[in-house]
$ cat final.cif   # mmCIF, C-alpha atoms
data_upload
loop_
_atom_site.group_PDB
_atom_site.id
_atom_site.type_symbol
_atom_site.label_atom_id
_atom_site.label_comp_id
_atom_site.auth_asym_id
_atom_site.auth_seq_id
_atom_site.Cartn_x
_atom_site.Cartn_y
_atom_site.Cartn_z
ATOM 1 C CA MET M 214 0.000 0.000 0.000
ATOM 2 C CA ILE M 215 1.212 3.472 -0.849
ATOM 3 C CA ALA M 216 2.171 5.587 2.154
ATOM 4 C CA SER M 217 0.072 8.393 3.557
ATOM 5 C CA GLY M 218 0.710 11.867 2.174
ATOM 6 C CA LEU M 219 -0.300 14.597 -0.237
ATOM 7 C CA ILE M 220 -0.003 14.676 -4.023
ATOM 8 C CA LEU M 221 -0.049 17.941 -5.959
ATOM 9 C CA VAL M 222 -1.631 17.625 -9.398
ATOM 10 C CA ASP M 223 -1.763 20.198 -12.199
ATOM 11 C CA LYS M 224 -5.326 19.517 -13.305
ATOM 12 C CA PRO M 225 -5.847 19.730 -17.073
ATOM 13 C CA GLY M 226 -8.838 21.450 -18.621
ATOM 14 C CA GLY M 227 -11.889 19.302 -19.301
ATOM 15 C CA TRP M 228 -11.382 17.117 -16.237
ATOM 16 C CA THR M 229 -13.600 17.332 -13.157
ATOM 17 C CA SER M 230 -11.949 17.156 -9.755
ATOM 18 C CA HIS M 231 -13.737 13.831 -9.264
ATOM 19 C CA ASP M 232 -12.181 12.540 -12.509
ATOM 20 C CA VAL M 233 -8.726 13.338 -11.123
ATOM 21 C CA VAL M 234 -9.482 11.621 -7.816
ATOM 22 C CA ALA M 235 -10.712 8.511 -9.663
ATOM 23 C CA ARG M 236 -7.555 8.438 -11.798
ATOM 24 C CA VAL M 237 -5.264 8.747 -8.768
ATOM 25 C CA ARG M 238 -7.193 6.049 -6.917
ATOM 26 C CA ARG M 239 -6.391 3.650 -9.742
ATOM 27 C CA LEU M 240 -2.757 4.725 -10.002
ATOM 28 C CA ALA M 241 -2.156 4.616 -6.237
ATOM 29 C CA GLY M 242 -4.118 1.433 -5.643
ATOM 30 C CA THR M 243 -6.220 2.877 -2.824
ATOM 31 C CA ARG M 244 -9.775 4.123 -2.413
ATOM 32 C CA LYS M 245 -8.684 6.594 0.259
ATOM 33 C CA VAL M 246 -8.130 9.660 -1.933
ATOM 34 C CA GLY M 247 -9.736 13.070 -1.468
ATOM 35 C CA HIS M 248 -9.110 16.621 -2.628
ATOM 36 C CA ALA M 249 -8.849 20.018 -0.930
ATOM 37 C CA GLY M 250 -11.168 22.205 -2.972
ATOM 38 C CA THR M 251 -12.922 21.619 -6.282
ATOM 39 C CA LEU M 252 -11.836 23.099 -9.595
ATOM 40 C CA ASP M 253 -14.432 23.471 -12.351
ATOM 41 C CA PRO M 254 -13.834 21.357 -15.491
ATOM 42 C CA MET M 255 -12.913 24.502 -17.445
ATOM 43 C CA ALA M 256 -10.243 25.451 -14.896
ATOM 44 C CA THR M 257 -6.683 24.175 -14.759
ATOM 45 C CA GLY M 258 -4.055 24.241 -12.063
ATOM 46 C CA LEU M 259 -3.341 23.099 -8.566
ATOM 47 C CA LEU M 260 -5.440 20.332 -7.073
ATOM 48 C CA ILE M 261 -4.227 18.995 -3.720
ATOM 49 C CA LEU M 262 -4.982 15.338 -3.066
ATOM 50 C CA GLY M 263 -4.799 13.530 0.249
ATOM 51 C CA ILE M 264 -3.811 9.857 0.147
ATOM 52 C CA ASN M 265 -4.907 7.354 2.810
ATOM 53 C CA SER M 266 -4.916 8.890 6.314
ATOM 54 C CA SER M 267 -3.610 12.210 4.992
ATOM 55 C CA THR M 268 -7.132 12.922 3.787
ATOM 56 C CA ARG M 269 -7.435 14.132 7.396
ATOM 57 C CA LEU M 270 -5.117 17.039 6.543
ATOM 58 C CA LEU M 271 -7.400 18.294 3.782
ATOM 59 C CA THR M 272 -9.768 19.926 6.275
ATOM 60 C CA TYR M 273 -6.971 22.291 7.237
ATOM 61 C CA ILE M 274 -6.024 23.061 3.626
ATOM 62 C CA VAL M 275 -9.499 23.840 2.269
ATOM 63 C CA GLY M 276 -9.667 27.124 4.184
ATOM 64 C CA ALA M 277 -6.268 28.408 2.994
ATOM 65 C CA ASP M 278 -5.991 31.463 0.746
ATOM 66 C CA LYS M 279 -5.707 30.843 -2.980
ATOM 67 C CA GLU M 280 -4.106 32.490 -5.997
ATOM 68 C CA TYR M 281 -5.505 32.422 -9.524
ATOM 69 C CA LEU M 282 -4.620 33.655 -12.990
ATOM 70 C CA ALA M 283 -7.745 34.370 -15.016
ATOM 71 C CA THR M 284 -9.119 35.925 -18.181
ATOM 72 C CA ILE M 285 -12.216 38.098 -17.789
ATOM 73 C CA ARG M 286 -14.114 38.902 -20.973
ATOM 74 C CA LEU M 287 -16.041 42.164 -20.895
ATOM 75 C CA GLY M 288 -18.920 42.573 -23.330
ATOM 76 C CA ALA M 289 -21.265 39.669 -22.619
ATOM 77 C CA THR M 290 -23.032 37.884 -19.772
ATOM 78 C CA THR M 291 -23.625 34.125 -19.649
ATOM 79 C CA THR M 292 -25.903 31.754 -17.762
ATOM 80 C CA THR M 293 -22.964 30.384 -15.755
ATOM 81 C CA ASP M 294 -20.812 33.543 -15.504
ATOM 82 C CA ASP M 295 -18.151 31.683 -17.488
ATOM 83 C CA ALA M 296 -17.505 30.530 -21.051
ATOM 84 C CA GLU M 297 -19.308 27.207 -20.556
ATOM 85 C CA GLY M 298 -22.699 28.902 -20.304
ATOM 86 C CA GLU M 299 -25.010 30.309 -22.951
ATOM 87 C CA ILE M 300 -24.732 34.009 -23.752
ATOM 88 C CA LEU M 301 -27.556 36.002 -22.230
ATOM 89 C CA GLN M 302 -26.758 39.496 -23.445
ATOM 90 C CA ARG M 303 -24.112 41.271 -25.486
ATOM 91 C CA ALA M 304 -23.030 44.834 -24.928
ATOM 92 C CA ASP M 305 -23.549 47.534 -27.519
ATOM 93 C CA PRO M 306 -20.234 48.042 -29.366
ATOM 94 C CA ALA M 307 -20.312 51.748 -28.593
ATOM 95 C CA ALA M 308 -20.741 51.084 -24.872
ATOM 96 C CA LEU M 309 -17.873 48.610 -24.936
ATOM 97 C CA ALA M 310 -15.616 51.038 -26.791
ATOM 98 C CA ALA M 311 -16.405 53.666 -24.155
ATOM 99 C CA VAL M 312 -14.995 51.493 -21.341
ATOM 100 C CA ALA M 313 -11.788 53.309 -20.417
ATOM 101 C CA ASP M 314 -8.682 51.815 -18.861
ATOM 102 C CA ASP M 315 -9.175 54.054 -15.810
ATOM 103 C CA GLY M 316 -12.709 52.735 -15.415
ATOM 104 C CA ILE M 317 -11.445 49.155 -15.505
ATOM 105 C CA ARG M 318 -8.840 49.922 -12.848
ATOM 106 C CA ASP M 319 -11.454 51.647 -10.679
ATOM 107 C CA GLY M 320 -13.808 48.699 -11.060
ATOM 108 C CA ILE M 321 -11.074 46.288 -10.001
ATOM 109 C CA ALA M 322 -10.164 48.466 -7.010
ATOM 110 C CA ALA M 323 -13.815 48.446 -5.891
ATOM 111 C CA LEU M 324 -13.737 44.638 -5.829
ATOM 112 C CA THR M 325 -10.532 44.469 -3.777
ATOM 113 C CA GLY M 326 -10.378 44.027 0.000
ATOM 114 C CA GLU M 327 -13.251 42.747 2.132
ATOM 115 C CA ILE M 328 -16.340 42.575 -0.052
ATOM 116 C CA GLU M 329 -19.792 41.003 -0.093
ATOM 117 C CA GLN M 330 -20.050 38.580 -3.000
ATOM 118 C CA VAL M 331 -23.074 36.772 -4.394
ATOM 119 C CA PRO M 332 -21.925 33.316 -5.573
ATOM 120 C CA SER M 333 -22.791 32.167 -9.065
ATOM 121 C CA ALA M 334 -26.188 30.498 -9.296
ATOM 122 C CA VAL M 335 -24.493 27.387 -10.725
ATOM 123 C CA SER M 336 -22.150 26.981 -7.764
ATOM 124 C CA ALA M 337 -21.999 23.874 -5.578
ATOM 125 C CA ILE M 338 -23.547 25.704 -2.616
ATOM 126 C CA LYS M 339 -26.472 23.767 -1.145
ATOM 127 C CA VAL M 340 -29.929 25.345 -1.115
ATOM 128 C CA ASP M 341 -32.344 23.399 1.104
ATOM 129 C CA GLY M 342 -30.133 20.334 0.806
ATOM 130 C CA LYS M 343 -29.702 20.451 -2.973
ATOM 131 C CA ARG M 344 -26.768 21.885 -4.951
ATOM 132 C CA ALA M 345 -27.540 25.255 -6.519
ATOM 133 C CA TYR M 346 -26.314 24.116 -9.946
ATOM 134 C CA ALA M 347 -28.664 21.120 -9.822
ATOM 135 C CA ARG M 348 -31.629 23.402 -9.131
ATOM 136 C CA VAL M 349 -30.642 25.664 -12.039
ATOM 137 C CA ARG M 350 -30.363 22.689 -14.388
ATOM 138 C CA ALA M 351 -33.810 21.584 -13.238
ATOM 139 C CA GLY M 352 -35.200 24.920 -14.392
ATOM 140 C CA GLU M 353 -35.530 26.539 -10.973
ATOM 141 C CA GLU M 354 -34.623 30.152 -10.312
ATOM 142 C CA VAL M 355 -31.887 30.305 -7.680
ATOM 143 C CA VAL M 356 -30.999 33.435 -5.729
ATOM 144 C CA LEU M 357 -28.056 33.008 -3.362
ATOM 145 C CA GLN M 358 -27.281 35.255 -0.434
ATOM 146 C CA PRO M 359 -24.138 37.413 -0.466
ATOM 147 C CA ARG M 360 -21.226 36.271 1.660
ATOM 148 C CA ALA M 361 -18.157 38.037 2.975
ATOM 149 C CA VAL M 362 -14.912 37.232 1.159
ATOM 150 C CA THR M 363 -11.481 38.860 1.118
ATOM 151 C CA ILE M 364 -9.728 39.775 -2.117
ATOM 152 C CA SER M 365 -6.143 40.390 -1.001
ATOM 153 C CA ALA M 366 -4.930 41.172 -4.525
ATOM 154 C CA PHE M 367 -6.783 41.860 -7.781
ATOM 155 C CA GLU M 368 -4.100 42.780 -10.264
ATOM 156 C CA LEU M 369 -4.579 43.703 -13.927
ATOM 157 C CA LEU M 370 -1.806 42.056 -15.947
ATOM 158 C CA GLY M 371 -2.949 42.910 -19.447
ATOM 159 C CA THR M 372 -5.801 44.338 -21.551
ATOM 160 C CA HIS M 373 -6.693 43.088 -25.039
ATOM 161 C CA ARG M 374 -9.327 45.028 -26.982
ATOM 162 C CA LEU M 375 -11.110 42.853 -29.544
ATOM 163 C CA ALA M 376 -13.883 43.619 -32.031
ATOM 164 C CA GLU M 377 -16.737 42.560 -29.726
ATOM 165 C CA ALA M 378 -15.037 42.168 -26.355
ATOM 166 C CA VAL M 379 -12.312 43.355 -24.023
ATOM 167 C CA ASP M 380 -10.219 40.598 -22.463
ATOM 168 C CA LEU M 381 -8.544 41.283 -19.133
ATOM 169 C CA GLU M 382 -5.692 39.110 -17.879
ATOM 170 C CA VAL M 383 -5.784 39.250 -14.077
ATOM 171 C CA ARG M 384 -4.178 37.791 -10.980
ATOM 172 C CA VAL M 385 -6.350 37.253 -7.907
ATOM 173 C CA VAL M 386 -5.365 36.290 -4.364
ATOM 174 C CA CYS M 387 -8.429 35.576 -2.273
ATOM 175 C CA SER M 388 -9.907 33.871 0.741
ATOM 176 C CA SER M 389 -11.479 30.450 0.604
ATOM 177 C CA GLY M 390 -15.024 30.532 -0.770
ATOM 178 C CA THR M 391 -14.373 33.253 -3.343
ATOM 179 C CA TYR M 392 -15.818 32.734 -6.829
ATOM 180 C CA ILE M 393 -13.608 34.224 -9.550
ATOM 181 C CA ARG M 394 -16.421 34.039 -12.094
ATOM 182 C CA SER M 395 -18.507 36.163 -9.740
ATOM 183 C CA LEU M 396 -15.721 38.762 -9.818
ATOM 184 C CA ALA M 397 -15.899 38.672 -13.624
ATOM 185 C CA ARG M 398 -19.692 39.064 -13.537
ATOM 186 C CA ASP M 399 -19.590 41.909 -11.019
ATOM 187 C CA LEU M 400 -16.797 43.800 -12.782
ATOM 188 C CA GLY M 401 -18.701 43.621 -16.061
ATOM 189 C CA ALA M 402 -21.892 44.764 -14.374
ATOM 190 C CA ALA M 403 -20.158 47.710 -12.725
ATOM 191 C CA LEU M 404 -18.780 48.785 -16.106
ATOM 192 C CA GLY M 405 -22.201 48.459 -17.727
ATOM 193 C CA VAL M 406 -21.149 45.964 -20.392
ATOM 194 C CA GLY M 407 -21.425 42.584 -18.697
ATOM 195 C CA GLY M 408 -18.634 40.139 -18.099
ATOM 196 C CA HIS M 409 -17.789 36.482 -17.710
ATOM 197 C CA LEU M 410 -14.768 34.238 -17.153
ATOM 198 C CA THR M 411 -13.073 32.591 -20.138
ATOM 199 C CA ALA M 412 -10.001 31.044 -18.487
ATOM 200 C CA LEU M 413 -9.005 30.166 -14.936
ATOM 201 C CA ARG M 414 -5.829 28.657 -13.506
ATOM 202 C CA ARG M 415 -5.235 28.047 -9.793
ATOM 203 C CA THR M 416 -1.569 28.689 -9.096
ATOM 204 C CA ARG M 417 -1.379 28.414 -5.314
ATOM 205 C CA VAL M 418 -3.254 27.049 -2.300
ATOM 206 C CA GLY M 419 -1.796 28.169 1.013
ATOM 207 C CA ALA M 420 1.819 26.976 1.166
ATOM 208 C CA TYR M 421 1.537 24.844 -1.982
ATOM 209 C CA ASP M 422 2.368 26.083 -5.504
ATOM 210 C CA VAL M 423 1.368 24.656 -8.879
ATOM 211 C CA ARG M 424 5.024 24.799 -9.950
ATOM 212 C CA ASP M 425 5.580 21.808 -7.642
ATOM 213 C CA ALA M 426 2.638 19.852 -9.064
ATOM 214 C CA ALA M 427 2.809 16.790 -11.290
ATOM 215 C CA ASP M 428 1.164 16.464 -14.703
ATOM 216 C CA LEU M 429 -1.705 14.014 -14.563
ATOM 217 C CA ASP M 430 -0.700 12.137 -17.728
ATOM 218 C CA THR M 431 2.760 11.282 -16.352
ATOM 219 C CA LEU M 432 1.878 11.032 -12.655
ATOM 220 C CA ASP M 433 3.736 8.443 -10.575
ATOM 221 C CA PRO M 434 2.022 8.557 -7.143
ATOM 222 C CA GLY M 435 4.993 7.046 -5.341
ATOM 223 C CA THR M 436 7.391 9.654 -6.691
ATOM 224 C CA ALA M 437 4.997 12.595 -6.367
ATOM 225 C CA LEU M 438 3.911 11.774 -2.813
ATOM 226 C CA ILE M 439 4.735 14.334 -0.118
ATOM 227 C CA PRO M 440 4.994 12.207 3.064
ATOM 228 C CA ALA M 441 2.484 13.041 5.780
ATOM 229 C CA ALA M 442 5.152 14.385 8.153
ATOM 230 C CA ASP M 443 6.557 16.749 5.525
ATOM 231 C CA ALA M 444 3.088 17.841 4.421
ATOM 232 C CA ALA M 445 1.971 18.601 7.962
ATOM 233 C CA SER M 446 5.221 20.428 8.719
ATOM 234 C CA ARG M 447 4.538 22.819 5.827
ATOM 235 C CA LEU M 448 1.101 23.558 7.219
ATOM 236 C CA PHE M 449 1.796 23.768 10.946
ATOM 237 C CA GLU M 450 4.479 24.295 13.554
ATOM 238 C CA ARG M 451 6.603 21.130 13.815
ATOM 239 C CA PHE M 452 7.155 19.622 17.271
ATOM 240 C CA GLU M 453 9.755 16.887 17.733
ATOM 241 C CA LEU M 454 8.588 14.253 20.191
ATOM 242 C CA THR M 455 10.559 11.995 22.476
ATOM 243 C CA GLU M 456 9.988 8.267 22.122
ATOM 244 C CA GLN M 457 7.795 8.223 25.239
ATOM 245 C CA GLN M 458 5.765 11.245 24.099
ATOM 246 C CA ALA M 459 5.124 9.517 20.785
ATOM 247 C CA ILE M 460 3.917 6.411 22.614
ATOM 248 C CA ASP M 461 1.687 8.429 24.934
ATOM 249 C CA LEU M 462 0.032 10.380 22.117
ATOM 250 C CA THR M 463 -0.453 7.221 20.072
ATOM 251 C CA HIS M 464 -2.398 5.750 22.987
ATOM 252 C CA GLY M 465 -4.518 8.867 23.463
ATOM 253 C CA ARG M 466 -2.698 10.214 26.517
ATOM 254 C CA ARG M 467 -1.776 13.863 26.994
ATOM 255 C CA ILE M 468 1.814 14.954 27.206
ATOM 256 C CA HIS M 469 3.424 17.595 29.394
ATOM 257 C CA VAL M 470 6.177 19.846 28.010
ATOM 258 C CA ALA M 471 7.771 21.777 30.856
ATOM 259 C CA ASP M 472 9.696 24.265 28.693
ATOM 260 C CA ARG M 473 6.834 25.061 26.310
ATOM 261 C CA GLU M 474 6.574 28.854 25.890
ATOM 262 C CA VAL M 475 4.765 29.246 22.552
ATOM 263 C CA PRO M 476 1.056 30.208 22.904
ATOM 264 C CA GLY M 477 -1.347 27.361 22.161
ATOM 265 C CA GLY M 478 -4.613 27.147 20.301
ATOM 266 C CA GLU M 479 -3.292 26.206 16.844
ATOM 267 C CA PRO M 480 -2.686 22.673 15.522
ATOM 268 C CA VAL M 481 0.902 21.460 15.794
ATOM 269 C CA ALA M 482 2.469 18.622 13.784
ATOM 270 C CA ALA M 483 3.796 16.062 16.261
ATOM 271 C CA ILE M 484 6.738 14.161 14.748
ATOM 272 C CA ALA M 485 8.159 10.956 16.240
ATOM 273 C CA PRO M 486 11.935 10.359 16.518
ATOM 274 C CA SER M 487 11.579 8.010 13.542
ATOM 275 C CA GLY M 488 10.395 10.977 11.464
ATOM 276 C CA HIS M 489 6.781 9.863 10.984
ATOM 277 C CA LEU M 490 3.710 11.965 11.773
ATOM 278 C CA VAL M 491 2.096 10.805 15.010
ATOM 279 C CA GLY M 492 -0.709 13.318 14.681
ATOM 280 C CA LEU M 493 -1.852 16.883 15.051
ATOM 281 C CA ILE M 494 -1.855 18.115 18.615
ATOM 282 C CA GLU M 495 -3.061 21.204 20.440
ATOM 283 C CA PHE M 496 -1.249 22.821 23.346
ATOM 284 C CA ARG M 497 -3.067 24.309 26.306
ATOM 285 C CA GLY M 498 -0.371 25.851 28.389
ATOM 286 C CA LYS M 499 2.310 23.198 28.800
ATOM 287 C CA GLU M 500 0.011 20.256 28.097
ATOM 288 C CA ALA M 501 -0.906 18.899 24.688
ATOM 289 C CA ARG M 502 -3.735 16.681 23.549
ATOM 290 C CA THR M 503 -4.290 14.896 20.260
ATOM 291 C CA LEU M 504 -6.570 16.490 17.682
ATOM 292 C CA VAL M 505 -5.997 13.940 14.900
ATOM 293 C CA ASN M 506 -4.054 10.692 15.136
ATOM 294 C CA PHE M 507 -2.280 9.099 12.173
ATOM 295 C CA PRO M 508 -1.874 5.311 11.936
ATOM 296 C CA THR M 509 1.626 3.875 11.798
ATOM 297 C CA ASP M 510 0.759 1.225 9.170
ATOM 298 C CA GLU M 511 0.922 3.819 6.365
ATOM 299 C CA ILE M 512 4.436 5.138 7.040
ATOM 300 C CA ALA M 513 6.231 3.289 4.269
ATOM 301 C CA THR M 514 5.280 2.066 0.840
ATOM 302 C CA ALA M 515 4.887 -1.664 0.647
#
$ encode --input "final.cif" --output "structure tokens"
Amino acid sequence: MIASGLILVDKPGGWTSHDVVARVRRLAGTRKVGHAGTLDPMATGLLILGINSSTRLLTYIVGADKEYLATIRLGATTTTDDAEGEILQRADPAALAAVADDGIRDGIAALTGEIEQVPSAVSAIKVDGKRAYARVRAGEEVVLQPRAVTISAFELLGTHRLAEAVDLEVRVVCSSGTYIRSLARDLGAALGVGGHLTALRRTRVGAYDVRDAADLDTLDPGTALIPAADAASRLFERFELTEQQAIDLTHGRRIHVADREVPGGEPVAAIAPSGHLVGLIEFRGKEARTLVNFPTDEIATA
């Protein structure tokens, strides 16, 4: 059995996140594969997979900030706020030509920082127990409530003026739960010409970068695997255990660390002398308890 850990995949366009998980399950020979945040089929870029017990780490990765490169097309609205939907309305050419560079920059600035964002109606958000996109496909009208998100950076990288559209190349750094296609929709609406997303690439999730990801068509899970201890150490403070502390935590007992001075409250990666991840622990004063235990039977590849 393949060891526990994370695998970074550069998802190709046209694949669903579930497709990628299914492929990696076959390649890794295990059913225990999950991902830390869906990418739409149209999107490419970083998909973080948890293998075996490291699926337990994904909960802590989902909420990390994310970075995207995207293309926003001004001049038309679509049913899905991206290029996969049907066009609802096109802007008058004169109105589109009147959109100035300063207006674009002002519109981007207005969507930067802490904002209230209405998710796309075809998002995976549940409405009365059913996914919003499923309700839309069933012909229902779906109105989602705005939610607070943080856009740390919304940078204009390039502007391309076409005959019937204006394409904006942008870079976005945002909090978890942000919809980039909603930014495209809202920017187009603010400029009076409509807008939708035509390309999206996720380049970073928290501490993990797409430059370190493997291509799906050449993926070797054993080679690409980031061992659980290394993965957890990139996410959390690393605490080196003594042999007895490792034994105590493995059996559910608390440990006492007399010289502990760092404030508690955040998960800490507890590493055994052998180098394997015992679990995630939480300090309260000088005592620590286990938050998540990791089994020892997944340390090495069989």
$ residues_around --input "final.cif" --residues "Leu324 of chain M" --least-positions-apart "6" --cutoff "9 Å" --atoms "only C-alpha atoms" --output "count of residues only"
5
$ residues_around --input "final.cif" --residues "Gly326 of chain M" --least-positions-apart "5" --cutoff "10 Å" --atoms "all atoms listed in the file" --output "count of residues only"
7
$ closest_residue --input "final.cif" --among "M:Ala378, M:Ala412, M:Leu240, M:Leu504" --to "Gly227 of chain M" --atoms "all atoms listed in the file"
M:Ala412
$ closest_residue --input "final.cif" --among "M:Ala501, M:Leu252, M:Ala304, M:Leu454" --to "His469 of chain M" --atoms "only C-alpha atoms"
M:Ala501
$ atom_distance --input "final.cif" --atom1 "atom CA of Arg502 of chain M" --atom2 "atom CA of Ala442 of chain M"
17.9 Å
$ atom_distance --input "final.cif" --atom1 "atom CA of Arg384 of chain M" --atom2 "atom CA of Leu370 of chain M"
7.0 Å
$ closest_residue --input "final.cif" --among "M:Pro440, M:Gly465, M:Gly419, M:Gly316" --to "Thr503 of chain M" --atoms "only C-alpha atoms"
M:Gly465
$ residues_around --input "final.cif" --residues "segment 220-225 of chain M" --least-positions-apart "4" --cutoff "8 Å" --atoms "all atoms listed in the file" --output "MDAnalysis selection string"
chainID M and resid 230 233 256:264 423 425:429 434 437:439
$ build_atoms --input "final.cif" --residues "segment 270-278 of chain M" --atoms "all heavy atoms" --output "compact mmCIF listing (two decimals), keeping the file's coordinate frame"
# COMPACT_ATOMS: atom_id res chain seq x y z
N LEU M 270 -5.76 15.72 6.62
CA LEU M 270 -5.12 17.04 6.54
C LEU M 270 -5.90 18.00 5.65
O LEU M 270 -5.74 19.22 5.76
CB LEU M 270 -3.70 16.91 5.99
CG LEU M 270 -2.66 16.20 6.86
CD1 LEU M 270 -1.35 16.05 6.08
CD2 LEU M 270 -2.42 16.97 8.15
N LEU M 271 -6.73 17.46 4.77
CA LEU M 271 -7.40 18.29 3.78
C LEU M 271 -8.32 19.33 4.43
O LEU M 271 -8.49 20.43 3.89
CB LEU M 271 -8.19 17.42 2.80
CG LEU M 271 -7.35 16.42 2.00
CD1 LEU M 271 -8.26 15.60 1.08
CD2 LEU M 271 -6.27 17.12 1.20
N THR M 272 -8.91 18.99 5.56
CA THR M 272 -9.77 19.93 6.28
C THR M 272 -9.05 21.22 6.58
O THR M 272 -9.64 22.30 6.54
CB THR M 272 -10.26 19.29 7.60
OG1 THR M 272 -10.99 18.10 7.30
CG2 THR M 272 -11.14 20.26 8.37
N TYR M 273 -7.75 21.12 6.86
CA TYR M 273 -6.97 22.29 7.24
C TYR M 273 -6.44 23.05 6.02
O TYR M 273 -5.97 24.18 6.15
CB TYR M 273 -5.80 21.87 8.13
CG TYR M 273 -6.24 21.18 9.40
CD1 TYR M 273 -6.35 19.79 9.46
CD2 TYR M 273 -6.58 21.91 10.53
CE1 TYR M 273 -6.77 19.15 10.61
CE2 TYR M 273 -7.00 21.27 11.69
CZ TYR M 273 -7.10 19.90 11.72
OH TYR M 273 -7.51 19.27 12.88
N ILE M 274 -6.51 22.42 4.84
CA ILE M 274 -6.02 23.06 3.63
C ILE M 274 -7.14 23.79 2.90
O ILE M 274 -6.92 24.84 2.28
CB ILE M 274 -5.38 22.01 2.69
CG1 ILE M 274 -4.19 21.34 3.39
CG2 ILE M 274 -4.93 22.64 1.37
CD1 ILE M 274 -3.59 20.19 2.61
N VAL M 275 -8.36 23.27 2.99
CA VAL M 275 -9.50 23.84 2.27
C VAL M 275 -9.66 25.33 2.56
O VAL M 275 -9.96 26.13 1.67
CB VAL M 275 -10.79 23.08 2.62
CG1 VAL M 275 -12.01 23.83 2.12
CG2 VAL M 275 -10.77 21.68 2.03
N GLY M 276 -9.45 25.73 3.80
CA GLY M 276 -9.67 27.12 4.18
C GLY M 276 -8.51 28.06 3.88
O GLY M 276 -8.60 29.26 4.18
N ALA M 277 -7.43 27.57 3.27
CA ALA M 277 -6.27 28.41 2.99
C ALA M 277 -6.58 29.41 1.88
O ALA M 277 -7.48 29.19 1.06
CB ALA M 277 -5.08 27.55 2.60
N ASP M 278 -5.81 30.50 1.83
CA ASP M 278 -5.99 31.46 0.75
C ASP M 278 -5.51 30.85 -0.56
O ASP M 278 -4.73 29.89 -0.57
CB ASP M 278 -5.26 32.78 1.05
CG ASP M 278 -3.74 32.65 0.97
OD1 ASP M 278 -3.21 31.59 1.38
OD2 ASP M 278 -3.08 33.59 0.51
